[in-house]
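Asker: Sharing query.cif below, mmCIF, C-alpha atoms and all ligand atoms:
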```
data_protein
#
loop_
_atom_site.label_atom_id
_atom_site.label_comp_id
_atom_site.auth_asym_id
_atom_site.auth_seq_id
_atom_site.Cartn_x
_atom_site.Cartn_y
_atom_site.Cartn_z
CA MET A 1 64.09 -102.39 62.30
CA ARG A 2 66.12 -99.17 61.90
CA THR A 3 64.04 -96.05 62.44
CA ALA A 4 65.08 -92.42 61.92
CA ILE A 5 63.25 -89.29 62.98
CA TYR A 6 63.47 -86.21 60.75
CA PRO A 7 62.30 -83.34 62.94
CA GLY A 8 61.65 -79.77 61.87
CA SER A 9 59.20 -76.92 61.59
CA PHE A 10 58.31 -77.68 57.95
CA ASP A 11 56.59 -74.30 57.59
CA PRO A 12 55.97 -75.39 54.84
CA VAL A 13 57.68 -78.56 53.58
CA THR A 14 59.87 -77.87 50.49
CA ASN A 15 61.53 -79.94 47.78
CA GLY A 16 64.75 -79.56 49.80
CA HIS A 17 63.16 -81.34 52.77
CA LEU A 18 61.80 -84.00 50.40
CA ASP A 19 65.27 -84.57 48.94
CA VAL A 20 66.59 -85.25 52.47
CA ILE A 21 63.60 -87.52 53.21
CA GLU A 22 64.20 -89.55 50.05
CA ARG A 23 67.88 -90.04 50.96
CA ALA A 24 67.01 -91.05 54.54
CA ALA A 25 64.34 -93.47 53.30
CA LYS A 26 67.06 -95.38 51.41
CA LEU A 27 69.21 -95.75 54.53
CA PHE A 28 66.54 -96.62 57.13
CA ASP A 29 63.71 -99.16 57.27
CA ARG A 30 61.35 -96.50 58.56
CA VAL A 31 61.53 -92.70 58.57
CA ILE A 32 59.19 -90.53 60.63
CA VAL A 33 58.98 -86.88 59.59
CA ALA A 34 58.12 -85.19 62.88
CA VAL A 35 56.54 -81.75 62.76
CA ALA A 36 57.51 -79.63 65.76
CA MET A 37 55.12 -77.22 67.40
CA ASN A 38 57.69 -74.34 67.34
CA GLU A 39 55.29 -71.60 68.43
CA GLY A 40 58.33 -69.41 69.18
CA LYS A 41 59.04 -69.21 65.44
CA HIS A 42 55.52 -67.82 64.78
CA PRO A 43 54.82 -70.26 61.97
CA LEU A 44 52.60 -69.24 59.03
CA PHE A 45 50.84 -72.62 59.05
CA SER A 46 49.44 -74.27 62.18
CA GLN A 47 51.04 -77.51 63.31
CA ALA A 48 48.01 -79.46 62.00
CA GLU A 49 48.28 -77.77 58.59
CA ARG A 50 52.05 -78.39 58.39
CA LEU A 51 51.52 -82.03 59.33
CA ASP A 52 48.81 -82.44 56.68
CA LEU A 53 51.09 -80.97 53.98
CA VAL A 54 53.99 -83.23 55.01
CA ARG A 55 51.68 -86.27 55.08
CA ARG A 56 50.42 -85.59 51.56
CA SER A 57 53.95 -84.91 50.30
CA VAL A 58 55.49 -88.17 51.61
CA LYS A 59 52.73 -90.50 50.37
CA LYS A 60 54.97 -91.67 47.52
CA PHE A 61 57.55 -93.12 49.95
CA PRO A 62 56.26 -96.44 51.36
CA ASN A 63 58.54 -96.41 54.44
CA VAL A 64 57.98 -92.76 55.39
CA GLU A 65 55.35 -91.55 57.87
CA ALA A 66 54.39 -88.12 59.16
CA ASP A 67 53.72 -87.27 62.79
CA LYS A 68 53.84 -84.31 65.16
CA PHE A 69 55.53 -83.88 68.51
CA ASP A 70 55.37 -81.33 71.29
CA CYS A 71 57.87 -82.80 73.76
CA LEU A 72 61.65 -82.92 74.00
CA LEU A 73 62.99 -84.39 70.74
CA VAL A 74 65.10 -87.11 72.41
CA ASP A 75 62.03 -88.24 74.38
CA TYR A 76 60.03 -88.48 71.16
CA VAL A 77 62.85 -90.51 69.55
CA GLU A 78 62.71 -92.95 72.50
CA GLN A 79 58.90 -93.17 72.33
CA GLN A 80 59.21 -94.23 68.68
CA SER A 81 62.04 -96.71 69.47
CA ALA A 82 64.15 -94.90 66.87
CA GLN A 83 67.94 -94.96 66.62
CA ALA A 84 68.73 -91.74 64.81
CA ILE A 85 67.82 -88.12 64.19
CA VAL A 86 68.19 -86.88 60.61
CA ARG A 87 68.93 -83.23 59.89
CA GLY A 88 69.73 -81.46 56.64
CA LEU A 89 72.85 -79.38 55.98
CA ARG A 90 72.65 -76.85 53.18
CA ALA A 91 75.71 -74.71 53.76
CA VAL A 92 78.34 -73.84 56.33
CA SER A 93 75.82 -71.36 57.77
CA ASP A 94 73.64 -74.28 58.96
CA PHE A 95 76.58 -76.00 60.60
CA GLU A 96 77.03 -74.07 63.82
CA PHE A 97 73.43 -74.34 64.96
CA GLU A 98 73.09 -77.96 63.84
CA PHE A 99 76.36 -78.94 65.55
CA GLN A 100 75.21 -77.37 68.83
CA LEU A 101 71.83 -79.10 68.59
CA ALA A 102 73.40 -82.50 67.82
CA LEU A 103 75.82 -82.27 70.74
CA MET A 104 73.06 -81.16 73.12
CA ASN A 105 70.86 -84.06 72.02
CA ARG A 106 73.80 -86.43 72.57
CA LYS A 107 74.25 -85.02 76.06
CA LEU A 108 70.57 -85.62 76.75
CA ASN A 109 70.63 -89.15 75.33
CA GLU A 110 73.90 -90.83 74.32
CA ARG A 111 72.16 -93.70 72.54
CA ILE A 112 70.76 -91.50 69.79
CA GLU A 113 72.94 -90.55 66.80
CA THR A 114 72.38 -87.49 64.61
CA ILE A 115 72.93 -88.04 60.90
CA PHE A 116 73.40 -85.09 58.53
CA MET A 117 72.32 -85.31 54.93
CA MET A 118 73.17 -82.90 52.14
CA PRO A 119 70.58 -82.22 49.46
CA LYS A 120 71.15 -82.01 45.73
CA GLU A 121 73.01 -78.73 44.94
CA THR A 122 69.89 -77.26 43.34
CA TYR A 123 68.16 -77.33 46.74
CA THR A 124 70.97 -75.87 48.82
CA PHE A 125 69.54 -72.33 48.52
CA LEU A 126 66.02 -73.43 49.48
CA SER A 127 64.46 -72.63 52.83
CA SER A 128 60.87 -72.40 54.04
CA ARG A 129 61.53 -68.77 54.94
CA ILE A 130 62.61 -67.86 51.39
CA ILE A 131 59.65 -69.73 49.89
CA LYS A 132 57.22 -67.76 52.08
CA GLU A 133 58.92 -64.51 51.09
CA ILE A 134 58.74 -65.26 47.35
CA ALA A 135 55.10 -66.35 47.62
CA ARG A 136 54.24 -63.24 49.64
CA LEU A 137 55.69 -61.05 46.90
CA GLY A 138 53.74 -62.88 44.20
CA GLY A 139 56.63 -64.98 42.82
CA ASP A 140 56.25 -68.47 41.37
CA VAL A 141 57.30 -71.19 43.84
CA SER A 142 56.11 -74.17 41.80
CA SER A 143 59.61 -75.55 41.16
CA PHE A 144 60.53 -75.39 44.87
CA VAL A 145 57.58 -77.03 46.62
CA PRO A 146 55.08 -79.83 45.90
CA PRO A 147 51.83 -78.67 44.16
CA GLN A 148 49.67 -79.01 47.31
CA VAL A 149 52.06 -76.71 49.20
CA ARG A 150 51.90 -74.08 46.45
CA THR A 151 48.07 -74.16 46.61
CA ALA A 152 48.09 -73.96 50.42
CA LEU A 153 50.50 -71.00 50.33
CA THR A 154 48.30 -69.04 47.90
CA LYS A 155 45.23 -69.73 50.05
CA LYS A 156 46.93 -68.90 53.34
CA LEU A 157 48.47 -65.66 52.09
CA LYS A 158 45.11 -64.56 50.68
CA ALA A 159 43.46 -65.29 54.04
CA THR A 160 46.12 -63.42 56.03
CA ARG A 161 45.77 -60.37 53.72
CA SER A 162 41.96 -60.12 54.02
P1 LIG B 201 63.89 -76.18 61.94
O1 LIG B 201 63.01 -75.06 62.38
O2 LIG B 201 63.92 -77.34 62.87
O3 LIG B 201 65.27 -75.77 61.48
P2 LIG B 201 63.16 -76.61 59.18
O4 LIG B 201 61.85 -77.10 58.68
O5 LIG B 201 63.56 -75.22 58.77
O6 LIG B 201 63.09 -76.79 60.72
O7 LIG B 201 64.30 -77.62 58.76
C1 LIG B 201 64.35 -78.95 59.21
C2 LIG B 201 65.69 -79.53 58.84
O8 LIG B 201 65.80 -79.59 57.42
C3 LIG B 201 66.90 -78.72 59.31
O9 LIG B 201 67.94 -79.61 59.62
C4 LIG B 201 67.27 -77.89 58.08
O10 LIG B 201 68.65 -77.57 58.09
C5 LIG B 201 66.94 -78.87 56.98
N1 LIG B 201 66.61 -78.23 55.72
C6 LIG B 201 65.76 -77.21 55.48
N2 LIG B 201 65.73 -76.88 54.17
C7 LIG B 201 66.60 -77.72 53.56
C8 LIG B 201 67.07 -77.87 52.21
N3 LIG B 201 66.66 -77.08 51.25
N4 LIG B 201 67.95 -78.84 51.98
C9 LIG B 201 68.41 -79.63 52.98
N5 LIG B 201 68.05 -79.54 54.26
C10 LIG B 201 67.16 -78.60 54.55
#
```
Reformat the file's structure so that it appears as structure tokens.
Answerer:
Amino acid sequence: MRTAIYPGSFDPVTNGHLDVIERAAKLFDRVIVAVAMNEGKHPLFSQAERLDLVRRSVKKFPNVEADKFDCLLVDYVEQQSAQAIVRGLRAVSDFEFEFQLALMNRKLNERIETIFMMPKETYTFLSSRIIKEIARLGGDVSSFVPPQVRTALTKKLKATRS
């Protein structure tokens, strides 16, 4: 059984993330999308809300599960008896940070490999940060995120305004 962990903030999950998930699901027997706490990033959605949105968005993939983690990533990977960490690479700008993270994780646990996946070109400009910005300014995000995420964004932004 080959298991991969796809960790991230997923604040919120986008079609770019889902493209990476779909590719990983073809390579591994089991993929766990692991929602990090990441309080330092001051997420718009709580960890429980982000997890719920990921869970609803990955229902269509039979070998994909959603979970959350609050510990060191390599420890979580061990807990799940997984072999690999999946990360997405959109552009050269992602590379430096991702490279550093992958090498640090290898230092912490040599057994675990990091695999990088590139999304379809149409998703290379997509980020959770940009989606939140567009939604905040009243733009239409329906072609960038699953329908439940669009609804949640509208609701959340209304609540934060009032
Ligand atoms: P983090 O805070 O851990 O960077 P994100 O949710 O922003 O969490 O991203 C998780 C992973 O998914 C990262 O490796 C990021 O580079 C990747 N990613 C984010 N958006 C996209 C996208 N549109 N296409 C491909 N990979 C992406």
Asker: Have a look at A:Asp29, A:Glu96, A:Glu113, A:Asp75 and name the one nearest to ligand LIG 201 (chain B); count only C-alpha atoms and all ligand atoms.
Answerer: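 The answer is A:Glu96, which sits nearest to ligand LIG 201 (chain B).
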Asker: Which residues sit within 6 Å of ligand LIG 201 (chain B), counting all atoms listed in the file, listed as a count of residues only?
Answerer: 16
Asker: Identify, on the basis of all atoms listed in the file, every residue whose closest approach to Leu157 (chain A) does not exceed 12 Å; exclude the query and any residue fewer than 6 positions from it along the same chain; express the result as JSON, numbers by chain.
Answerer: {"A": [44, 45, 132, 133, 134, 135, 136, 137, 138, 149, 150, 151]}
Asker: Looking at A:Ile21, A:Ala34, A:Ala48, A:Leu73, which one is nearest to Lys60 (chain A), with distances taken over only C-alpha atoms?
Answerer: A:Ile21
Asker: Quick one: distance from CA of Phe125 (chain A) to CA of Arg55 (chain A) in Å, one decimal?
Answerer: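 Taking CA of Phe125 (chain A) and CA of Arg55 (chain A), their separation equals 23.6 Å.
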Asker: Using CA of Ile130 (chain A) and CA of Thr154 (chain A) as the two end points, give the distance in Å to one decimal.
Answerer: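 Computing the Euclidean distance for CA of Ile130 (chain A) and CA of Thr154 (chain A) yields 14.8 Å.
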Asker: Point out the residue among A:Leu18, A:Ile5, A:Leu53, A:Ala159 with the least atom-to-atom distance to Val33 (chain A), counting only C-alpha atoms.
Answerer: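 Comparing A:Leu18, A:Ile5, A:Leu53, A:Ala159 against Val33 (chain A), the winner is A:Ile5.
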Asker: Which protein, DNA or RNA residues have an atom at most 10 Å from (59.3, -91.2, 58.5), counting all atoms listed in the file? List them as a list in words.
Answerer: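 The requested residues, written out, are Thr3, Ala4, Ile5, Tyr6, Pro7, Ile21, Glu22, Ala24, Ala25, Phe28, Asp29, Arg30, Val31, Ile32, Val33, Ala34, Arg55, Val58, Phe61, Pro62, Asn63, Val64, Glu65, Ala66 and Asp67 of chain A.
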Asker: Kindly give the distance, in Å, that separates CA of Pro147 (chain A) and CA of Thr122 (chain A), rounded to a single decimal.
Answerer: 18.1 Å
Asker: Would you list the contacts of Pro43 (chain A) as a list in words, taking every protein, DNA or RNA residue within 10 Å and counting all atoms listed in the file, but skipping same-chain residues closer than 2 positions in sequence?
Answerer: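 Using all atoms listed in the file, the neighbours found are Ser9, Phe10, Asp11, Pro12, Met37, Asn38, Glu39, Gly40, Lys41, Phe45, Ser46, Gln47, Arg50 and Arg129 of chain A.
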Asker: Please save C-alpha atoms of the selected residues as a short mmCIF file (atom, residue, chain, number, x, y, z; two decimals), in the coordinates of the input.
Answerer:
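part_37.cif was written with the following content:
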```cif
data_model
loop_
_atom_site.label_atom_id
_atom_site.label_comp_id
_atom_site.auth_asym_id
_atom_site.auth_seq_id
_atom_site.Cartn_x
_atom_site.Cartn_y
_atom_site.Cartn_z
CA SER A 9 59.20 -76.92 61.59
CA PHE A 10 58.31 -77.68 57.95
CA ASP A 11 56.59 -74.30 57.59
CA PRO A 12 55.97 -75.39 54.84
CA MET A 37 55.12 -77.22 67.40
CA ASN A 38 57.69 -74.34 67.34
CA GLU A 39 55.29 -71.60 68.43
CA GLY A 40 58.33 -69.41 69.18
CA LYS A 41 59.04 -69.21 65.44
CA PHE A 45 50.84 -72.62 59.05
CA SER A 46 49.44 -74.27 62.18
CA GLN A 47 51.04 -77.51 63.31
CA ARG A 50 52.05 -78.39 58.39
CA ARG A 129 61.53 -68.77 54.94
#
```
Asker: Go through A:Met104, A:Leu153, A:Ile112, A:Val35 one by one, measure the shortest atom-to-atom distance of each to Ser81 (chain A) using all atoms listed in the file, and give the residue with the smallest value.
Answerer: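 Between A:Met104, A:Leu153, A:Ile112, A:Val35, the residue approaching Ser81 (chain A) most closely is A:Ile112.
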Asker: If I wrap all listed atoms of region 97-105 of chain A in a box with edges along x, y and z and add 8 Å on each side, what are its centre and edge lengths in Å to one decimal, as JSON?
Answerer:
```
{"center_x": 73.6, "center_y": -79.2, "center_z": 68.5, "size_x": 21.5, "size_y": 25.7, "size_z": 25.3}
```
Asker: Closest to Val86 (chain A) among A:Val13, A:Cys71, A:Leu27, A:Val141, using all atoms listed in the file?
Answerer: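 Smallest distance to Val86 (chain A) is found for A:Leu27.
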